[in-house]
file entry_14.txt (compact mmCIF, C-alpha atoms)
# COMPACT_ATOMS: atom_id res chain seq x y z
CA MET M 1 -8.40 -28.13 -9.15
CA PRO M 2 -6.35 -25.15 -10.42
CA THR M 3 -6.76 -23.08 -7.22
CA LEU M 4 -5.22 -25.83 -5.10
CA HIS M 5 -2.34 -26.08 -7.49
CA ALA M 6 -1.82 -22.32 -7.29
CA LEU M 7 -1.76 -22.45 -3.51
CA ALA M 8 0.92 -25.16 -3.34
CA ASN M 9 3.72 -22.69 -3.95
CA PRO M 10 2.16 -19.80 -2.00
CA ALA M 11 2.25 -21.96 1.14
CA ARG M 12 6.04 -21.89 0.97
CA PHE M 13 5.94 -18.17 0.25
CA LEU M 14 3.70 -17.53 3.26
CA ARG M 15 6.10 -19.35 5.59
CA ILE M 16 8.78 -16.79 4.67
CA ALA M 17 6.53 -13.75 4.25
CA ARG M 18 4.74 -14.01 7.59
CA PRO M 19 7.81 -13.48 9.84
CA LEU M 20 9.50 -11.14 7.31
CA THR M 21 6.64 -8.61 7.27
CA PRO M 22 7.05 -7.20 10.82
CA TRP M 23 10.85 -7.15 10.48
CA LEU M 24 10.69 -5.10 7.30
CA TRP M 25 8.00 -2.85 8.74
CA TRP M 26 9.77 -1.97 11.98
CA LEU M 27 13.16 -1.63 10.30
CA GLY M 28 11.53 0.79 7.85
CA VAL M 29 9.84 2.74 10.63
CA ALA M 30 13.13 3.01 12.55
CA LEU M 31 15.11 4.14 9.47
CA VAL M 32 12.50 6.70 8.42
CA ALA M 33 12.25 8.03 11.98
CA PHE M 34 16.03 8.42 12.18
CA GLY M 35 16.33 9.87 8.68
CA GLY M 36 13.44 12.25 9.31
CA TRP M 37 14.93 13.44 12.59
CA ALA M 38 18.36 13.90 10.98
CA GLY M 39 16.91 15.65 7.94
CA LEU M 40 14.89 18.06 10.06
CA THR M 41 17.45 18.90 12.75
CA GLN M 42 20.95 17.72 11.86
CA THR M 43 21.49 19.17 8.39
CA PRO M 44 22.13 22.79 7.41
CA PRO M 45 19.59 24.71 5.31
CA ASP M 46 20.36 25.23 1.64
CA TYR M 47 22.08 28.49 0.71
CA LEU M 48 19.28 29.47 -1.70
CA GLN M 49 16.17 27.49 -0.81
CA GLY M 50 16.61 27.79 2.96
CA GLU M 51 14.64 25.31 5.04
CA THR M 52 12.46 24.29 2.07
CA VAL M 53 15.25 21.99 0.94
CA ARG M 54 14.31 19.45 3.64
CA ILE M 55 11.34 18.26 1.62
CA LEU M 56 13.82 16.41 -0.57
CA TYR M 57 14.17 13.73 2.11
CA VAL M 58 10.59 12.70 1.35
CA HIS M 59 10.31 13.85 -2.27
CA VAL M 60 13.30 11.90 -3.64
CA PRO M 61 12.48 8.52 -1.99
CA ALA M 62 8.84 8.95 -3.06
CA ALA M 63 9.90 9.58 -6.66
CA TRP M 64 12.29 6.61 -6.69
CA LEU M 65 9.71 4.28 -5.19
CA GLY M 66 6.97 5.57 -7.45
CA MET M 67 9.17 4.50 -10.38
CA GLY M 68 10.55 1.45 -8.54
CA GLY M 69 7.00 0.26 -7.89
CA TRP M 70 6.32 0.24 -11.61
CA SER M 71 9.58 -1.61 -12.30
CA ALA M 72 8.40 -4.24 -9.81
CA ILE M 73 5.06 -4.52 -11.60
CA ALA M 74 6.85 -4.90 -14.95
CA ILE M 75 9.27 -7.57 -13.70
CA ALA M 76 6.49 -9.51 -11.95
CA SER M 77 4.28 -9.23 -15.05
CA THR M 78 7.08 -10.62 -17.22
CA ALA M 79 7.60 -13.50 -14.79
CA PHE M 80 3.88 -14.19 -14.86
CA LEU M 81 3.61 -14.07 -18.66
CA VAL M 82 6.71 -16.13 -19.40
CA TRP M 83 6.91 -18.61 -16.51
CA ARG M 84 3.21 -18.55 -15.56
CA HIS M 85 4.21 -18.13 -11.96
CA PRO M 86 0.94 -17.48 -10.08
CA LEU M 87 2.66 -15.61 -7.24
CA ALA M 88 4.13 -13.10 -9.72
CA GLU M 89 0.66 -11.92 -10.68
CA VAL M 90 -0.22 -11.50 -6.99
CA ALA M 91 3.00 -9.52 -6.44
CA ALA M 92 2.27 -7.20 -9.38
CA ARG M 93 -1.23 -6.48 -8.09
CA ALA M 94 0.08 -5.93 -4.56
CA ALA M 95 2.68 -3.38 -5.67
CA ALA M 96 0.23 -1.16 -7.58
CA VAL M 97 -1.44 0.71 -4.70
CA PRO M 98 1.74 1.51 -2.71
CA GLY M 99 3.46 2.51 -5.97
CA ALA M 100 0.63 4.86 -6.89
CA THR M 101 0.69 6.29 -3.36
CA PHE M 102 4.39 7.08 -3.60
CA ALA M 103 3.93 8.63 -7.04
CA ALA M 104 1.18 10.84 -5.59
CA LEU M 105 3.37 11.71 -2.60
CA CYS M 106 6.13 12.71 -5.02
CA LEU M 107 3.76 14.99 -6.96
CA VAL M 108 2.34 16.58 -3.80
CA THR M 109 5.70 17.21 -2.10
CA GLY M 110 7.02 18.56 -5.41
CA ALA M 111 4.14 21.03 -5.63
CA ILE M 112 4.68 22.15 -2.02
CA TRP M 113 8.38 22.68 -2.78
CA GLY M 114 7.69 24.35 -6.13
CA ARG M 115 5.45 27.08 -4.70
CA PRO M 116 8.17 28.84 -2.64
CA THR M 117 11.09 27.86 -4.91
CA TRP M 118 9.79 28.36 -8.44
CA GLY M 119 6.80 30.53 -7.60
CA THR M 120 4.24 28.04 -8.91
CA TRP M 121 2.44 24.92 -7.67
CA TRP M 122 2.32 23.28 -11.06
CA GLN M 123 3.71 23.72 -14.56
CA TRP M 124 3.26 21.44 -17.54
CA ASP M 125 6.96 20.76 -18.03
CA GLY M 126 8.41 17.42 -19.16
CA ARG M 127 9.29 16.00 -15.76
CA LEU M 128 6.11 17.01 -13.95
CA THR M 129 3.83 15.92 -16.76
CA SER M 130 5.48 12.52 -17.26
CA MET M 131 5.34 11.81 -13.53
CA LEU M 132 1.64 12.74 -13.46
CA LEU M 133 1.18 10.40 -16.40
CA LEU M 134 2.80 7.56 -14.42
CA PHE M 135 0.33 8.20 -11.60
CA PHE M 136 -2.59 7.92 -14.05
CA VAL M 137 -1.07 4.75 -15.53
CA TYR M 138 -1.01 3.30 -12.01
CA LEU M 139 -4.71 4.13 -11.59
CA GLY M 140 -5.41 2.46 -14.92
CA TYR M 141 -3.51 -0.65 -13.85
CA ILE M 142 -5.42 -0.87 -10.56
CA ALA M 143 -8.77 -0.54 -12.34
CA LEU M 144 -7.78 -3.02 -15.06
CA SER M 145 -6.47 -5.72 -12.71
CA ASN M 146 -9.54 -5.39 -10.46
CA ALA M 147 -11.86 -5.69 -13.45
CA ASP M 148 -9.86 -8.65 -14.79
CA ARG M 149 -10.18 -10.42 -11.47
CA GLU M 150 -13.87 -9.71 -11.03
CA ARG M 151 -14.66 -11.11 -14.44
CA GLY M 152 -12.58 -14.22 -13.86
CA GLY M 153 -9.83 -13.24 -16.32
CA ASP M 154 -6.50 -15.07 -16.35
CA GLY M 155 -4.44 -11.97 -15.54
CA ARG M 156 -2.78 -11.72 -18.95
CA VAL M 157 -4.25 -8.36 -19.98
CA PRO M 158 -3.10 -6.48 -16.84
CA ALA M 159 0.32 -8.15 -17.19
CA ILE M 160 0.72 -6.87 -20.76
CA TYR M 161 -0.38 -3.40 -19.58
CA GLY M 162 2.18 -3.65 -16.76
CA ILE M 163 4.99 -4.33 -19.22
CA ALA M 164 3.85 -1.64 -21.66
CA GLY M 165 3.87 0.99 -18.91
CA THR M 166 7.65 0.70 -18.49
CA VAL M 167 8.03 3.00 -21.52
CA LEU M 168 7.32 5.87 -19.14
CA LEU M 169 10.24 5.14 -16.81
CA PRO M 170 13.11 6.25 -19.12
CA ILE M 171 10.97 9.19 -20.26
CA ILE M 172 10.61 10.39 -16.66
CA ARG M 173 14.29 9.78 -15.96
CA TYR M 174 15.60 11.62 -19.03
CA SER M 175 12.87 14.27 -19.44
CA VAL M 176 15.11 16.83 -17.73
CA VAL M 177 17.99 15.97 -20.08
CA TRP M 178 16.12 15.78 -23.39
CA TRP M 179 13.99 18.88 -23.02
CA ASN M 180 14.15 22.32 -21.46
CA THR M 181 12.25 21.84 -18.23
CA LEU M 182 11.48 23.88 -15.16
CA HIS M 183 12.53 20.94 -13.04
CA GLN M 184 16.26 20.88 -12.41
CA GLY M 185 18.51 18.23 -13.93
CA PRO M 186 19.58 15.08 -12.09
CA SER M 187 21.42 15.82 -8.83
CA ILE M 188 22.41 12.30 -7.90
CA GLY M 189 24.40 10.15 -10.29
CA LEU M 190 25.83 6.69 -9.78
CA THR M 191 29.13 7.92 -8.40
CA SER M 192 28.73 11.60 -7.64
CA SER M 193 26.17 14.10 -6.47
CA THR M 194 25.77 17.84 -6.82
CA ILE M 195 24.08 17.89 -3.41
CA ASP M 196 26.66 18.70 -0.77
CA ARG M 197 27.51 15.79 1.51
CA SER M 198 26.39 17.65 4.64
CA LEU M 199 22.89 17.87 3.14
CA LEU M 200 22.85 14.48 1.47
CA TRP M 201 23.69 12.00 4.22
CA PRO M 202 20.17 11.46 5.72
CA LEU M 203 18.81 10.63 2.26
CA PRO M 204 20.10 7.01 2.08
CA PHE M 205 18.43 6.28 5.43
CA MET M 206 15.14 7.62 4.11
CA LEU M 207 15.52 5.72 0.84
CA LEU M 208 16.23 2.43 2.59
CA GLY M 209 13.53 3.07 5.19
CA PHE M 210 10.83 3.87 2.65
CA SER M 211 11.90 0.83 0.59
CA CYS M 212 11.50 -1.41 3.65
CA LEU M 213 8.04 0.05 4.29
CA PHE M 214 7.19 -0.47 0.64
CA GLY M 215 8.32 -4.11 0.83
CA ALA M 216 6.36 -4.70 4.05
CA ILE M 217 3.18 -3.25 2.51
CA VAL M 218 3.59 -5.38 -0.63
CA LEU M 219 4.02 -8.52 1.50
CA MET M 220 0.95 -7.62 3.58
CA ARG M 221 -1.12 -7.04 0.46
CA MET M 222 0.12 -10.28 -1.14
CA ARG M 223 -0.89 -12.20 1.98
CA ALA M 224 -4.29 -10.50 1.97
CA ILE M 225 -4.84 -11.37 -1.72
CA LEU M 226 -3.82 -15.00 -1.10
CA ALA M 227 -6.08 -15.22 1.98
CA ALA M 228 -9.01 -13.80 0.01
CA ALA M 229 -8.45 -16.35 -2.79
CA LYS M 230 -8.28 -19.15 -0.24
CA ALA M 231 -11.49 -18.03 1.49
CA GLU M 232 -13.24 -17.78 -1.86
CA ALA M 233 -12.13 -21.28 -2.86
CA ARG M 234 -13.35 -22.65 0.47
CA LEU M 235 -16.75 -20.98 0.08
CA ARG M 236 -17.06 -22.38 -3.43
CA ARG M 237 -16.24 -25.88 -2.24
CA ARG M 238 -18.79 -25.60 0.55
CA ALA M 239 -21.45 -24.39 -1.89
CA LEU M 240 -20.76 -27.38 -4.13
CA ALA M 241 -20.82 -29.92 -1.30
CA MET Z 1 11.15 -23.83 -29.30
CA THR Z 2 9.46 -24.57 -26.04
CA PRO Z 3 6.32 -22.60 -25.21
CA LYS Z 4 8.26 -20.86 -22.46
CA SER Z 5 10.98 -19.48 -24.71
CA GLN Z 6 8.31 -18.62 -27.26
CA ARG Z 7 6.53 -16.48 -24.71
CA MET Z 8 9.85 -14.94 -23.67
CA THR Z 9 10.59 -14.01 -27.28
CA LEU Z 10 7.12 -12.52 -27.66
CA VAL Z 11 7.53 -10.37 -24.56
CA LEU Z 12 10.97 -9.20 -25.68
CA LEU Z 13 9.77 -8.42 -29.21
CA GLY Z 14 6.84 -6.51 -27.78
CA LEU Z 15 9.15 -4.48 -25.57
CA VAL Z 16 11.49 -3.66 -28.46
CA ALA Z 17 8.57 -2.58 -30.66
CA LEU Z 18 7.18 -0.45 -27.84
CA ALA Z 19 10.53 1.19 -27.13
CA ALA Z 20 10.99 1.94 -30.84
CA ALA Z 21 7.52 3.48 -31.05
CA ALA Z 22 8.21 5.60 -27.96
CA LEU Z 23 11.56 6.77 -29.34
CA LEU Z 24 9.96 7.74 -32.65
CA ALA Z 25 7.22 9.68 -30.88
CA LEU Z 26 9.75 11.42 -28.66
CA SER Z 27 12.06 12.42 -31.48
CA GLY Z 28 9.00 13.83 -33.22
CA LEU Z 29 8.19 15.80 -30.09
CA ARG Z 30 11.71 16.99 -29.49
CA GLY Z 31 11.21 20.58 -30.63
CA GLN Z 32 7.66 20.95 -29.38
CA ALA Z 33 7.99 19.45 -25.91
CA ALA Z 34 10.43 22.05 -24.64
CA PHE Z 35 9.10 23.99 -21.69
CA PHE Z 36 10.70 27.24 -22.82
CA TYR Z 37 12.74 28.86 -25.58
CA ALA Z 38 16.35 29.75 -24.87
CA PRO Z 39 17.57 33.06 -26.33
CA SER Z 40 19.69 31.24 -28.94
CA ASP Z 41 16.64 29.16 -30.02
CA VAL Z 42 14.80 32.19 -31.33
CA ARG Z 43 17.64 33.84 -33.25
CA GLY Z 44 16.33 34.55 -36.72
CA ALA Z 45 12.95 32.90 -36.09
CA LEU Z 46 11.05 34.96 -33.56
CA PRO Z 47 7.70 33.52 -32.38
CA ALA Z 48 4.80 35.78 -33.37
CA PRO Z 49 3.99 38.56 -30.86
CA ASP Z 50 0.44 37.24 -30.30
CA ARG Z 51 1.74 33.79 -29.26
CA ALA Z 52 2.10 33.13 -25.53
CA VAL Z 53 5.52 31.55 -25.01
CA ARG Z 54 8.11 31.06 -22.29
CA LEU Z 55 11.69 32.26 -22.35
CA GLY Z 56 14.27 30.61 -20.13
CA GLY Z 57 17.90 31.18 -19.27
CA MET Z 58 20.19 32.85 -16.79
CA VAL Z 59 19.62 36.35 -15.48
CA GLU Z 60 22.75 38.12 -16.68
CA ARG Z 61 24.86 39.54 -13.87
CA GLY Z 62 24.54 43.27 -13.46
CA SER Z 63 21.61 43.48 -15.86
CA VAL Z 64 18.69 43.90 -13.45
CA ARG Z 65 17.27 47.46 -13.43
CA ARG Z 66 14.43 48.29 -11.08
CA ALA Z 67 12.10 51.12 -12.11
CA GLY Z 68 10.96 53.88 -9.77
CA ASP Z 69 7.43 52.49 -9.44
CA GLY Z 70 8.74 49.57 -7.36
CA VAL Z 71 7.19 46.77 -9.43
CA SER Z 72 8.71 47.11 -12.89
CA ILE Z 73 12.03 45.44 -13.62
CA ALA Z 74 14.11 45.04 -16.73
CA PHE Z 75 16.86 42.47 -17.13
CA THR Z 76 18.69 40.37 -19.71
CA VAL Z 77 18.32 36.63 -20.14
CA THR Z 78 21.29 34.73 -21.54
CA ASP Z 79 22.10 31.14 -22.42
CA GLY Z 80 25.78 31.79 -23.07
CA GLN Z 81 25.28 32.24 -26.83
CA ALA Z 82 22.60 34.88 -27.17
CA THR Z 83 20.78 37.34 -24.97
CA THR Z 84 17.24 38.68 -24.83
CA PRO Z 85 16.16 41.81 -22.94
CA VAL Z 86 13.08 41.21 -20.76
CA ARG Z 87 10.61 43.63 -19.16
CA PHE Z 88 8.32 42.62 -16.34
CA SER Z 89 5.86 44.32 -13.96
CA GLY Z 90 4.79 42.40 -10.90
CA ILE Z 91 6.06 40.35 -8.03
CA ALA Z 92 9.17 38.32 -8.83
CA PRO Z 93 9.70 35.03 -6.93
CA ASP Z 94 12.08 35.11 -3.95
CA LEU Z 95 14.71 33.11 -5.77
CA PHE Z 96 14.81 35.49 -8.73
CA ARG Z 97 18.30 36.98 -8.74
CA GLU Z 98 21.24 37.77 -10.96
CA GLY Z 99 23.28 34.79 -12.10
CA SER Z 100 20.40 32.42 -11.40
CA GLY Z 101 17.95 30.61 -13.68
CA VAL Z 102 14.64 32.15 -14.69
CA VAL Z 103 11.67 31.19 -16.84
CA ALA Z 104 9.54 34.11 -18.05
CA GLU Z 105 6.01 33.70 -19.42
CA GLY Z 106 4.84 36.27 -21.94
CA HIS Z 107 5.48 37.14 -25.58
CA PHE Z 108 8.23 38.36 -27.86
CA ASN Z 109 8.06 41.86 -29.30
CA PRO Z 110 8.92 42.45 -32.96
CA ASP Z 111 12.21 44.11 -31.93
CA GLY Z 112 13.39 40.85 -30.31
CA SER Z 113 12.75 41.87 -26.71
CA PHE Z 114 10.43 39.93 -24.41
CA SER Z 115 7.46 41.21 -22.35
CA ALA Z 116 6.86 38.94 -19.37
CA THR Z 117 3.55 38.57 -17.57
CA ASN Z 118 4.90 36.10 -15.01
CA LEU Z 119 8.32 35.04 -13.73
CA LEU Z 120 9.31 31.62 -12.42
CA ALA Z 121 12.62 30.97 -10.70
CA LYS Z 122 14.44 27.94 -12.04
CA HIS Z 123 16.43 26.14 -9.42
CA ASP Z 124 19.52 24.19 -10.42
CA GLU Z 125 20.62 20.77 -9.22
CA LYS Z 126 23.23 22.06 -6.77
CA TYR Z 127 22.41 21.99 -3.08
CA MET Z 128 24.82 23.24 -0.44
CA PRO Z 129 24.90 24.84 3.01
CA PRO Z 130 25.07 28.68 3.17
CA GLN Z 131 28.69 28.92 4.35
CA MET Z 132 29.92 27.11 1.22
CA ALA Z 133 28.06 29.27 -1.22
CA GLY Z 134 30.52 32.03 -1.83
CA LYS Z 135 31.99 33.02 -5.13
CA MET Z 136 32.64 29.39 -5.99
CA HIS Z 137 29.01 28.85 -6.76
CA GLU Z 138 28.28 29.60 -10.38
CA THR Z 139 25.11 28.37 -11.94
CA ARG Z 140 26.02 26.92 -15.29
CA THR Z 141 23.25 24.45 -15.98
CA LEU Z 142 21.28 26.67 -18.31
CA GLU Z 143 24.20 27.66 -20.43
CA LYS Z 144 24.83 25.60 -23.49
CA GLN Z 145 28.23 23.99 -23.55
call {"tool": "encode", "arguments": {"input": "entry_14.txt", "output": "C-alpha cells"}}
result
Amino acid sequence: MPTLHALANPARFLRIARPLTPWLWWLGVALVAFGGWAGLTQTPPDYLQGETVRILYVHVPAAWLGMGGWSAIAIASTAFLVWRHPLAEVAARAAAVPGATFAALCLVTGAIWGRPTWGTWWQWDGRLTSMLLLFFVYLGYIALSNADRERGGDGRVPAIYGIAGTVLLPIIRYSVVWWNTLHQGPSIGLTSSTIDRSLLWPLPFMLLGFSCLFGAIVLMRMRAILAAAKAEARLRRRALA
Amino acid sequence: MTPKSQRMTLVLLGLVALAAAALLALSGLRGQAAFFYAPSDVRGALPAPDRAVRLGGMVERGSVRRAGDGVSIAFTVTDGQATTPVRFSGIAPDLFREGSGVVAEGHFNPDGSFSATNLLAKHDEKYMPPQMAGKMHETRTLEKQ
C-alpha cells in the first residue's frame, strides 16, 4: 500500500521532530522576547524617524521570513519533484501558511511605518507591489495544494507552482535597485550596514528568534499533516475490513 | 539518463526558461515601472500637463520658500544633474526637509515647473541615533552617480 510506504520514512522524521519542536519554540520565544525588550528600551531613537524606527525589529525579520518561507517551498518542491521524497511535499505545504503570515506581517508593519514616515499607508511602488504579489502567490499556493489534496492529486501541480513562484524573490530583492521606488534601498548587505550599530544589534536576535518560531510552526504543521494522513488511512482500512 | 536526472534536468530547464521570461518582461518594464520621474529624466521630454505623474529627488538646500498664507511652499527638486522647481499647497509630511528625499504627486507645467497636489517624504537607508547625525549626514541616495 502506498500510504504505508510513505509513512516508513516519516516515522524516523517524527522521532526527531517531536522533541525538536518545543526546543525550537521556546528558544524562539526567548530570543524574540529579549530582542523585543532590547529594541524597545535599549536602543536610541533614529535621528529622523524618532521612535518609529523600532518597527524595523519586526518588519525586517517578517520580510526575510516571508521570502525565506517561499524559498523553503521552492526547495522542498524541487526535492519532491526530482527525488519523489514524500516528506518534502508535506514540508512545502506546512511552510505556506506561516510564510504567508510573515509576508502579511511585513506589509502591515510597513504600512504602519509608512504613514508617519512617508505620509502614506500605501503606494504602488516596485517594492510594495512585488511584496503584495508574493502574499497573493502564497494564497494561491495554499488554495492549490488544498484542492490538489482534496481531489486526490499527486502533489505535482502545487510543486511546479512552488518552483515557478521563486521568480518573485529576486524581483522583490532588487526592485529598489532597478527602479525608482518610494521604499529606500537595501540597508543591510553581506558585510556592511547603513544602519548604525547601536540601532542594529537587537535585529539578529529577532531574526534568529522569528526563524526558530517559523521552524517550530513548520514542524508542528508537518506533524499535524502526517497525523491526519495516518488517521485517514486507518479509517479507510477499517471501512474496507 | 536515469528518470531522476531526467526530472532534475526538466526542473532546471523550466527554471531557466522562467527566469529568462521574467528578465525579458522586466527589461520591457524598465522605463514604465519607475515610481517617479527624476528631474534629469524629463529633460527635453516633458510629460503632458494633463498627465498625473510623480517627481522625485532631493529637496535642494536653501530652496524652500514658505508663502505668507502658511500652507503654500515652493522648493527645488534636484537629482544632482538637473533641477525642477515645485509649488505645493497643503500639509507637508513631518520628514519633509531640505537635503532630504521627496516624492511629489502632481503634473508638469509647460514651462518645466511642477505643481504638486501631494508630497511624500522619501526616507533613505541610513539609520542612526540623533547624536551622530550632525553635518556628517548627507543624503546621497537619490543623486545619480
call {"tool": "interface_residues", "arguments": {"input": "entry_14.txt", "of": "chain Z", "to": "chain M", "cutoff": "7 Å", "atoms": "all atoms listed in the file", "output": "count of residues only"}}
result
23
call {"tool": "closest_residue", "arguments": {"input": "entry_14.txt", "among": "Z:Ser115, Z:Ala17, Z:Ser89, Z:Phe108", "to": "Z:Asp69", "atoms": "all atoms listed in the file"}}
result
Z:Ser89
call {"tool": "closest_residue", "arguments": {"input": "entry_14.txt", "among": "Z:Thr2, Z:Ser63, Z:Ser40, Z:Thr9", "to": "Z:Gly80", "atoms": "all atoms listed in the file"}}
result
Z:Ser40
call {"tool": "atom_distance", "arguments": {"input": "entry_14.txt", "atom1": "atom CA of M:Ile73", "atom2": "atom CA of M:Gly162"}}
result
6.0 Å
call {"tool": "residues_around", "arguments": {"input": "entry_14.txt", "residues": "M:Leu24", "least_positions_apart": "4", "cutoff": "6 Å", "atoms": "only C-alpha atoms", "output": "list in words"}}
result
Gly28, Cys212 and Ala216 of chain M
call {"tool": "residues_around", "arguments": {"input": "entry_14.txt", "residues": "stretch 45-48 of chain Z", "least_positions_apart": "5", "cutoff": "10 Å", "atoms": "all atoms listed in the file", "output": "VMD selection string"}}
result
chain Z and resid 37 39 to 40 53 107 to 113
call {"tool": "atom_distance", "arguments": {"input": "entry_14.txt", "atom1": "atom CA of M:Tyr138", "atom2": "atom CA of M:Ala100"}}
result
5.6 Å
call {"tool": "residues_near_point", "arguments": {"input": "entry_14.txt", "point": "(2.5, -8.2, -0.3)", "cutoff": "9 Å", "atoms": "all atoms listed in the file", "output": "VMD selection string"}}
result
chain M and resid 17 21 90 to 91 93 to 95 215 to 225
call {"tool": "atom_distance", "arguments": {"input": "entry_14.txt", "atom1": "atom CA of M:Leu226", "atom2": "atom CA of M:Gly155"}}
result
14.8 Å
call {"tool": "residues_near_point", "arguments": {"input": "entry_14.txt", "point": "(20.1, 4.2, 4.7)", "cutoff": "12 Å", "atoms": "only C-alpha atoms", "output": "list in words"}}
result
Leu27, Gly28, Val29, Ala30, Leu31, Val32, Ala33, Phe34, Gly35, Gly36, Ala38, Tyr57, Pro61, Leu200, Trp201, Pro202, Leu203, Pro204, Phe205, Met206, Leu207, Leu208, Gly209, Phe210, Ser211 and Cys212 of chain M
call {"tool": "closest_residue", "arguments": {"input": "entry_14.txt", "among": "Z:Ala52, Z:Leu23, Z:Val64, Z:Val42", "to": "Z:Glu98", "atoms": "all atoms listed in the file"}}
result
Z:Val64
call {"tool": "residues_around", "arguments": {"input": "entry_14.txt", "residues": "Z:Met58", "least_positions_apart": "4", "cutoff": "8 Å", "atoms": "all atoms listed in the file", "output": "ChimeraX atom specification"}}
result
/Z:77-79,98-102,142-143
